[in-house]
$ cat entry.json   # JSON, C-alpha atoms and all ligand atoms
[["chain", "number", "residue", "atom", "x", "y", "z"],
["Q", 1, "MET", "CA", -19.75, 46.07, -17.01],
["Q", 2, "HIS", "CA", -19.30, 43.11, -19.28],
["Q", 3, "LYS", "CA", -20.10, 39.41, -19.04],
["Q", 4, "LEU", "CA", -17.75, 37.39, -16.87],
["Q", 5, "ASN", "CA", -17.41, 33.62, -16.84],
["Q", 6, "ARG", "CA", -17.13, 32.06, -13.45],
["Q", 7, "PRO", "CA", -14.31, 29.53, -13.07],
["Q", 8, "THR", "CA", -14.62, 26.31, -11.08],
["Q", 9, "GLU", "CA", -15.20, 26.91, -7.40],
["Q", 10, "LEU", "CA", -12.27, 26.34, -5.06],
["Q", 11, "THR", "CA", -12.75, 23.40, -2.71],
["Q", 12, "GLU", "CA", -12.02, 25.67, 0.28],
["Q", 13, "LEU", "CA", -15.08, 27.77, -0.52],
["Q", 14, "ALA", "CA", -17.30, 24.75, -1.16],
["Q", 15, "GLN", "CA", -16.18, 23.32, 2.18],
["Q", 16, "ALA", "CA", -16.97, 26.59, 3.99],
["Q", 17, "ARG", "CA", -20.43, 26.72, 2.41],
["Q", 18, "ARG", "CA", -21.22, 23.14, 3.39],
["Q", 19, "THR", "CA", -20.17, 23.61, 6.99],
["Q", 20, "TYR", "CA", -21.65, 27.08, 7.67],
["Q", 21, "THR", "CA", -25.11, 26.74, 9.12],
["Q", 22, "GLY", "CA", -25.77, 30.28, 10.27],
["Q", 23, "THR", "CA", -25.10, 29.61, 13.93],
["Q", 24, "ILE", "CA", -22.43, 32.31, 14.09],
["Q", 25, "SER", "CA", -22.84, 35.72, 12.43],
["Q", 26, "GLN", "CA", -22.09, 36.16, 8.74],
["Q", 27, "ASP", "CA", -19.36, 38.68, 9.53],
["Q", 28, "GLU", "CA", -17.68, 36.31, 11.95],
["Q", 29, "ALA", "CA", -17.90, 33.36, 9.57],
["Q", 30, "TRP", "CA", -16.47, 35.47, 6.75],
["Q", 31, "LYS", "CA", -13.68, 36.74, 8.97],
["Q", 32, "ASN", "CA", -12.79, 33.20, 10.05],
["Q", 33, "PHE", "CA", -12.67, 32.18, 6.40],
["Q", 34, "GLY", "CA", -9.93, 34.76, 5.90],
["Q", 35, "ASP", "CA", -7.80, 33.64, 8.81],
["Q", 36, "ASN", "CA", -6.05, 30.81, 7.00],
["Q", 37, "GLY", "CA", -5.72, 32.58, 3.68],
["Q", 38, "GLU", "CA", -8.69, 30.92, 1.96],
["Q", 39, "ARG", "CA", -10.38, 34.22, 1.28],
["Q", 40, "THR", "CA", -7.23, 35.54, -0.40],
["Q", 41, "LYS", "CA", -7.20, 32.50, -2.66],
["Q", 42, "VAL", "CA", -10.80, 33.15, -3.72],
["Q", 43, "ARG", "CA", -10.06, 36.84, -4.31],
["Q", 44, "GLU", "CA", -7.01, 36.05, -6.42],
["Q", 45, "GLN", "CA", -8.98, 33.53, -8.45],
["Q", 46, "LEU", "CA", -11.68, 36.13, -9.22],
["Q", 47, "GLU", "CA", -9.15, 38.91, -9.88],
["Q", 48, "ASN", "CA", -7.45, 36.70, -12.41],
["Q", 49, "THR", "CA", -10.79, 35.89, -14.10],
["Q", 50, "GLN", "CA", -11.67, 39.58, -14.19],
["Q", 51, "ASN", "CA", -8.35, 40.51, -15.77],
["Q", 52, "TYR", "CA", -7.52, 42.54, -12.63],
["Q", 53, "LEU", "CA", -10.46, 44.89, -13.28],
["Q", 54, "CYS", "CA", -13.39, 45.74, -11.04],
["Q", 55, "ALA", "CA", -16.41, 43.62, -12.05],
["Q", 56, "TYR", "CA", -18.66, 46.68, -12.02],
["Q", 57, "CYS", "CA", -16.76, 49.77, -13.22],
["Q", 58, "GLU", "CA", -13.99, 47.92, -15.16],
["Q", 59, "ASN", "CA", -11.36, 50.19, -13.65],
["Q", 60, "THR", "CA", -7.96, 48.75, -12.70],
["Q", 61, "LEU", "CA", -7.95, 47.07, -9.28],
["Q", 62, "ALA", "CA", -4.36, 48.09, -8.46],
["Q", 63, "ASN", "CA", -4.07, 46.04, -5.25],
["Q", 64, "ASP", "CA", -7.27, 47.47, -3.81],
["Q", 65, "GLY", "CA", -9.71, 44.73, -4.80],
["Q", 66, "HIS", "CA", -12.04, 43.18, -2.26],
["Q", 67, "ILE", "CA", -14.56, 40.37, -2.50],
["Q", 68, "ASP", "CA", -18.00, 41.91, -2.79],
["Q", 69, "HIS", "CA", -21.12, 39.97, -1.88],
["Q", 70, "PHE", "CA", -23.42, 40.87, -4.77],
["Q", 71, "LYS", "CA", -26.35, 40.24, -2.49],
["Q", 72, "PRO", "CA", -25.17, 41.43, 0.95],
["Q", 73, "LYS", "CA", -24.52, 38.61, 3.38],
["Q", 74, "SER", "CA", -26.20, 40.74, 6.06],
["Q", 75, "LEU", "CA", -29.52, 40.15, 4.24],
["Q", 76, "ASP", "CA", -29.17, 36.38, 3.96],
["Q", 77, "TRP", "CA", -26.58, 34.21, 5.73],
["Q", 78, "ARG", "CA", -26.91, 31.57, 3.00],
["Q", 79, "VAL", "CA", -25.20, 33.79, 0.41],
["Q", 80, "THR", "CA", -22.09, 34.28, 2.58],
["Q", 81, "PHE", "CA", -20.19, 31.48, 0.82],
["Q", 82, "ASP", "CA", -22.35, 31.25, -2.30],
["Q", 83, "TRP", "CA", -19.90, 31.11, -5.19],
["Q", 84, "ASP", "CA", -22.42, 32.72, -7.58],
["Q", 85, "ASN", "CA", -22.73, 35.68, -5.24],
["Q", 86, "LEU", "CA", -19.04, 36.64, -5.05],
["Q", 87, "VAL", "CA", -17.35, 39.20, -7.31],
["Q", 88, "VAL", "CA", -14.23, 41.33, -6.92],
["Q", 89, "SER", "CA", -14.89, 45.05, -6.72],
["Q", 90, "CYS", "CA", -12.74, 48.14, -6.35],
["Q", 91, "THR", "CA", -12.80, 49.84, -2.96],
["Q", 92, "TYR", "CA", -13.56, 53.47, -3.81],
["Q", 93, "ASN", "CA", -16.34, 54.87, -1.65],
["Q", 94, "ASP", "CA", -18.08, 56.64, -4.55],
["Q", 95, "SER", "CA", -18.72, 53.56, -6.68],
["Q", 96, "CYS", "CA", -19.30, 49.83, -6.95],
["Q", 97, "GLY", "CA", -19.19, 47.50, -3.93],
["Q", 98, "LYS", "CA", -18.61, 50.25, -1.37],
["Q", 99, "LYS", "CA", -21.27, 52.50, -2.88],
["Q", 100, "LYS", "CA", -24.00, 49.86, -2.94],
["Q", 101, "ASP", "CA", -22.90, 48.74, 0.53],
["Q", 102, "ASN", "CA", -25.65, 46.75, 2.24],
["Q", 103, "ASP", "CA", -28.41, 47.63, -0.21],
["Q", 104, "PHE", "CA", -29.90, 45.23, -2.70],
["Q", 105, "GLU", "CA", -32.33, 45.88, -5.58],
["Q", 106, "PHE", "CA", -34.12, 43.28, -7.69],
["Q", 107, "TYR", "CA", -33.10, 44.97, -10.96],
["Q", 108, "TRP", "CA", -29.35, 44.80, -10.29],
["Q", 109, "LEU", "CA", -27.26, 42.67, -12.62],
["Q", 110, "ASN", "CA", -24.53, 40.34, -11.52],
["Q", 111, "PRO", "CA", -22.07, 40.40, -14.47],
["Q", 112, "TYR", "CA", -21.21, 36.77, -13.78],
["Q", 113, "SER", "CA", -24.83, 35.77, -14.41],
["Q", 114, "THR", "CA", -26.16, 38.22, -17.00],
["Q", 115, "ASP", "CA", -24.58, 39.93, -19.98],
["Q", 116, "PRO", "CA", -24.94, 43.64, -19.18],
["Q", 117, "GLU", "CA", -23.14, 45.05, -22.21],
["Q", 118, "GLU", "CA", -26.20, 46.24, -24.13],
["Q", 119, "MET", "CA", -27.49, 48.09, -21.09],
["Q", 120, "PHE", "CA", -24.81, 50.76, -20.97],
["Q", 121, "LYS", "CA", -23.63, 53.24, -23.55],
["Q", 122, "PHE", "CA", -20.19, 54.81, -23.10],
["Q", 123, "TYR", "CA", -18.99, 58.07, -24.62],
["Q", 124, "ALA", "CA", -15.47, 59.34, -25.28],
["Q", 125, "ASN", "CA", -16.12, 62.27, -22.94],
["Q", 126, "GLY", "CA", -16.30, 59.72, -20.10],
["Q", 127, "GLN", "CA", -20.05, 59.72, -19.68],
["Q", 128, "ILE", "CA", -22.17, 56.61, -19.36],
["Q", 129, "ARG", "CA", -25.89, 56.29, -20.11],
["Q", 130, "GLY", "CA", -28.31, 53.46, -19.47],
["Q", 131, "THR", "CA", -30.38, 52.07, -22.32],
["Q", 132, "SER", "CA", -33.33, 51.40, -19.99],
["Q", 133, "ALA", "CA", -34.74, 52.76, -16.75],
["Q", 134, "ASP", "CA", -33.22, 49.84, -14.84],
["Q", 135, "ALA", "CA", -29.83, 50.53, -16.40],
["Q", 136, "GLU", "CA", -30.06, 54.21, -15.43],
["Q", 137, "ASN", "CA", -30.85, 53.16, -11.87],
["Q", 138, "ILE", "CA", -27.92, 50.73, -11.81],
["Q", 139, "ILE", "CA", -25.61, 53.54, -12.94],
["Q", 140, "LYS", "CA", -26.78, 55.66, -9.99],
["Q", 141, "ASP", "CA", -26.79, 52.83, -7.43],
["Q", 142, "PHE", "CA", -23.29, 51.70, -8.41],
["Q", 143, "GLY", "CA", -21.92, 55.23, -8.97],
["Q", 144, "LEU", "CA", -20.75, 54.34, -12.48],
["Q", 145, "ASP", "CA", -21.19, 58.01, -13.43],
["Q", 146, "CYS", "CA", -19.23, 59.41, -10.47],
["Q", 147, "PRO", "CA", -16.89, 62.29, -11.44],
["Q", 148, "ARG", "CA", -13.78, 60.21, -10.66],
["Q", 149, "LEU", "CA", -14.74, 57.47, -13.14],
["Q", 150, "GLU", "CA", -16.01, 59.91, -15.78],
["Q", 151, "LYS", "CA", -12.75, 61.83, -15.62],
["Q", 152, "LYS", "CA", -10.60, 58.73, -15.87],
["Q", 153, "ARG", "CA", -12.64, 57.30, -18.78],
["Q", 154, "ASN", "CA", -12.51, 60.65, -20.56],
["Q", 155, "GLY", "CA", -8.71, 60.83, -20.24],
["Q", 156, "ILE", "CA", -8.30, 57.39, -21.80],
["Q", 157, "LEU", "CA", -11.16, 57.22, -24.29],
["Q", 158, "GLU", "CA", -10.77, 60.59, -25.94],
["Q", 159, "SER", "CA", -7.20, 59.89, -27.06],
["Q", 160, "TYR", "CA", -8.20, 56.36, -28.09],
["Q", 161, "GLN", "CA", -11.01, 57.76, -30.23],
["Q", 162, "LYS", "CA", -8.65, 60.26, -31.83],
["Q", 163, "VAL", "CA", -6.15, 57.55, -32.77],
["Q", 164, "LEU", "CA", -8.94, 55.50, -34.35],
["Q", 165, "LEU", "CA", -10.44, 58.43, -36.24],
["Q", 166, "ASP", "CA", -7.04, 59.34, -37.67],
["Q", 167, "LEU", "CA", -6.46, 55.74, -38.74],
["Q", 168, "ALA", "CA", -9.93, 55.49, -40.27],
["Q", 169, "THR", "CA", -9.04, 58.21, -42.76],
["Q", 170, "GLU", "CA", -5.36, 57.43, -43.31],
["Q", 171, "GLN", "CA", -4.97, 53.68, -42.88],
["Q", 172, "PRO", "CA", -8.33, 51.97, -42.34],
["Q", 173, "ASP", "CA", -6.90, 48.44, -42.66],
["Q", 174, "ALA", "CA", -4.91, 49.06, -39.48],
["Q", 175, "LEU", "CA", -8.18, 49.22, -37.52],
["Q", 176, "GLU", "CA", -8.31, 45.43, -37.80],
["Q", 177, "TYR", "CA", -5.57, 45.24, -35.22],
["Q", 178, "PHE", "CA", -7.73, 46.98, -32.64],
["Q", 179, "LEU", "CA", -10.50, 44.42, -33.10],
["Q", 180, "GLN", "CA", -8.16, 41.72, -31.82],
["Q", 181, "ALA", "CA", -6.86, 43.71, -28.86],
["Q", 182, "GLU", "CA", -8.61, 43.85, -25.49],
["Q", 183, "GLU", "CA", -8.01, 47.36, -24.19],
["Q", 184, "SER", "CA", -7.76, 47.79, -20.45],
["Q", 185, "PRO", "CA", -9.05, 49.34, -18.24],
["Q", 186, "PHE", "CA", -12.65, 49.97, -19.45],
["Q", 187, "PRO", "CA", -12.72, 47.25, -22.17],
["Q", 188, "THR", "CA", -16.47, 47.66, -22.82],
["Q", 189, "ALA", "CA", -16.17, 51.41, -23.42],
["Q", 190, "HIS", "CA", -13.19, 50.87, -25.74],
["Q", 191, "LYS", "CA", -15.09, 48.25, -27.70],
["Q", 192, "GLN", "CA", -18.11, 50.50, -28.16],
["Q", 193, "ILE", "CA", -16.02, 53.39, -29.42],
["Q", 194, "LEU", "CA", -14.17, 51.14, -31.84],
["Q", 195, "ASN", "CA", -17.39, 49.56, -33.12],
["Q", 196, "GLU", "CA", -18.89, 52.95, -33.74],
["Q", 197, "ILE", "CA", -15.94, 54.01, -35.88],
["Q", 198, "ILE", "CA", -15.72, 50.82, -37.94],
["Q", 199, "GLY", "CA", -19.50, 50.75, -38.23],
["Q", 200, "ALA", "CA", -19.91, 47.33, -36.64],
["N", 1, "ZN", "ZN", -15.42, 49.53, -9.44]]
$ encode --input "entry.json" --output "structure tokens"
Amino acid sequence: MHKLNRPTELTELAQARRTYTGTISQDEAWKNFGDNGERTKVREQLENTQNYLCAYCENTLANDGHIDHFKPKSLDWRVTFDWDNLVVSCTYNDSCGKKKDNDFEFYWLNPYSTDPEEMFKFYANGQIRGTSADAENIIKDFGLDCPRLEKKRNGILESYQKVLLDLATEQPDALEYFLQAEESPFPTAHKQILNEIIGA
């Protein structure tokens, strides 16, 4: 996870929030919001902000993104159209929005509200560790250490690390280039591995 900056709310969402009073169910209200394409607009706006990566695992969305209610709308109808509560997540069952499902824990971090970068440590072998007990719990609750994600991170990060290590001995000035680039997917993990090698 890394810090995301929320863009200006679309008027369609603001309108839906102002007019929804909880008289119909959250699921029905949310479904109706999709009927005229408004929900798609909100999703596309968030996907664009998130660089087409899942807000939680930072994996590529690849046309499978869905709007996740950070706090489930089933727990509180007022968050159904709450702009601060919406993020785009991947749709794998073993992680992120689908994994947390209708649960909610006080220690969870919404990456649009809090900078979570210091909480997680990534390794080139694909593993992730929390830097606190809360972070460890978030990893479990969101499935950020599921075998699928570990394997994919490993495949990408190990070769990235090797390229950097080779450059560090042969052509250290060239590492500057990598500081400017935002690697994707898993930008936070890439950044940590790079910083470790250049000693930042
Ligand atoms: Zn994800």
$ residues_around --input "entry.json" --residues "Phe104 (chain Q)" --least-positions-apart "6" --cutoff "9 Å" --atoms "only C-alpha atoms" --output "ChimeraX atom specification"
/Q:70-72,75
$ closest_residue --input "entry.json" --among "Q:Ser132, Q:Asn59, Q:Asn195, Q:Asn93" --to "ligand ZN 1 (chain N)" --atoms "all atoms listed in the file"
Q:Asn59
$ closest_residue --input "entry.json" --among "Q:Asn85, Q:Asp68, Q:Arg78, Q:Ala55" --to "Ile24 (chain Q)" --atoms "all atoms listed in the file"
Q:Arg78
$ residues_near_point --input "entry.json" --point "(-17.2, 51.5, -8.2)" --cutoff "8 Å" --atoms "all atoms listed in the file" --output "PyMOL selection string"
chain Q and resi 54+56-57+89-99+142-144
$ residues_around --input "entry.json" --residues "region 124-129 of chain Q" --least-positions-apart "6" --cutoff "12 Å" --atoms "all atoms listed in the file" --output "VMD selection string"
chain Q and resid 1 57 117 to 118 135 to 140 143 to 162 164 186 188 to 194 196 to 197
$ residues_around --input "entry.json" --residues "Leu175 (chain Q)" --least-positions-apart "2" --cutoff "10 Å" --atoms "all atoms listed in the file" --output "MDAnalysis selection string"
chainID Q and resid 163:165 167:168 171:173 177:180 194 197:198
$ atom_distance --input "entry.json" --atom1 "CA of Thr60 (chain Q)" --atom2 "CA of Pro7 (chain Q)"
20.2 Å
$ residues_around --input "entry.json" --residues "Leu13 (chain Q)" --least-positions-apart "5" --cutoff "12 Å" --atoms "only C-alpha atoms" --output "PyMOL selection string"
chain Q and resi 8+18-20+29-30+33-34+37-43+45+79-86
$ closest_residue --input "entry.json" --among "Q:Glu170, Q:Asp103, Q:Glu182, Q:Glu58" --to "ligand ZN 1 (chain N)" --atoms "all atoms listed in the file"
Q:Glu58
$ closest_residue --input "entry.json" --among "Q:Glu47, Q:Phe122, Q:Lys100, Q:Ala16" --to "Asn32 (chain Q)" --atoms "all atoms listed in the file"
Q:Ala16
$ closest_residue --input "entry.json" --among "Q:Asp76, Q:Asp27, Q:Asp64, Q:Glu12" --to "ligand ZN 1 (chain N)" --atoms "all atoms listed in the file"
Q:Asp64
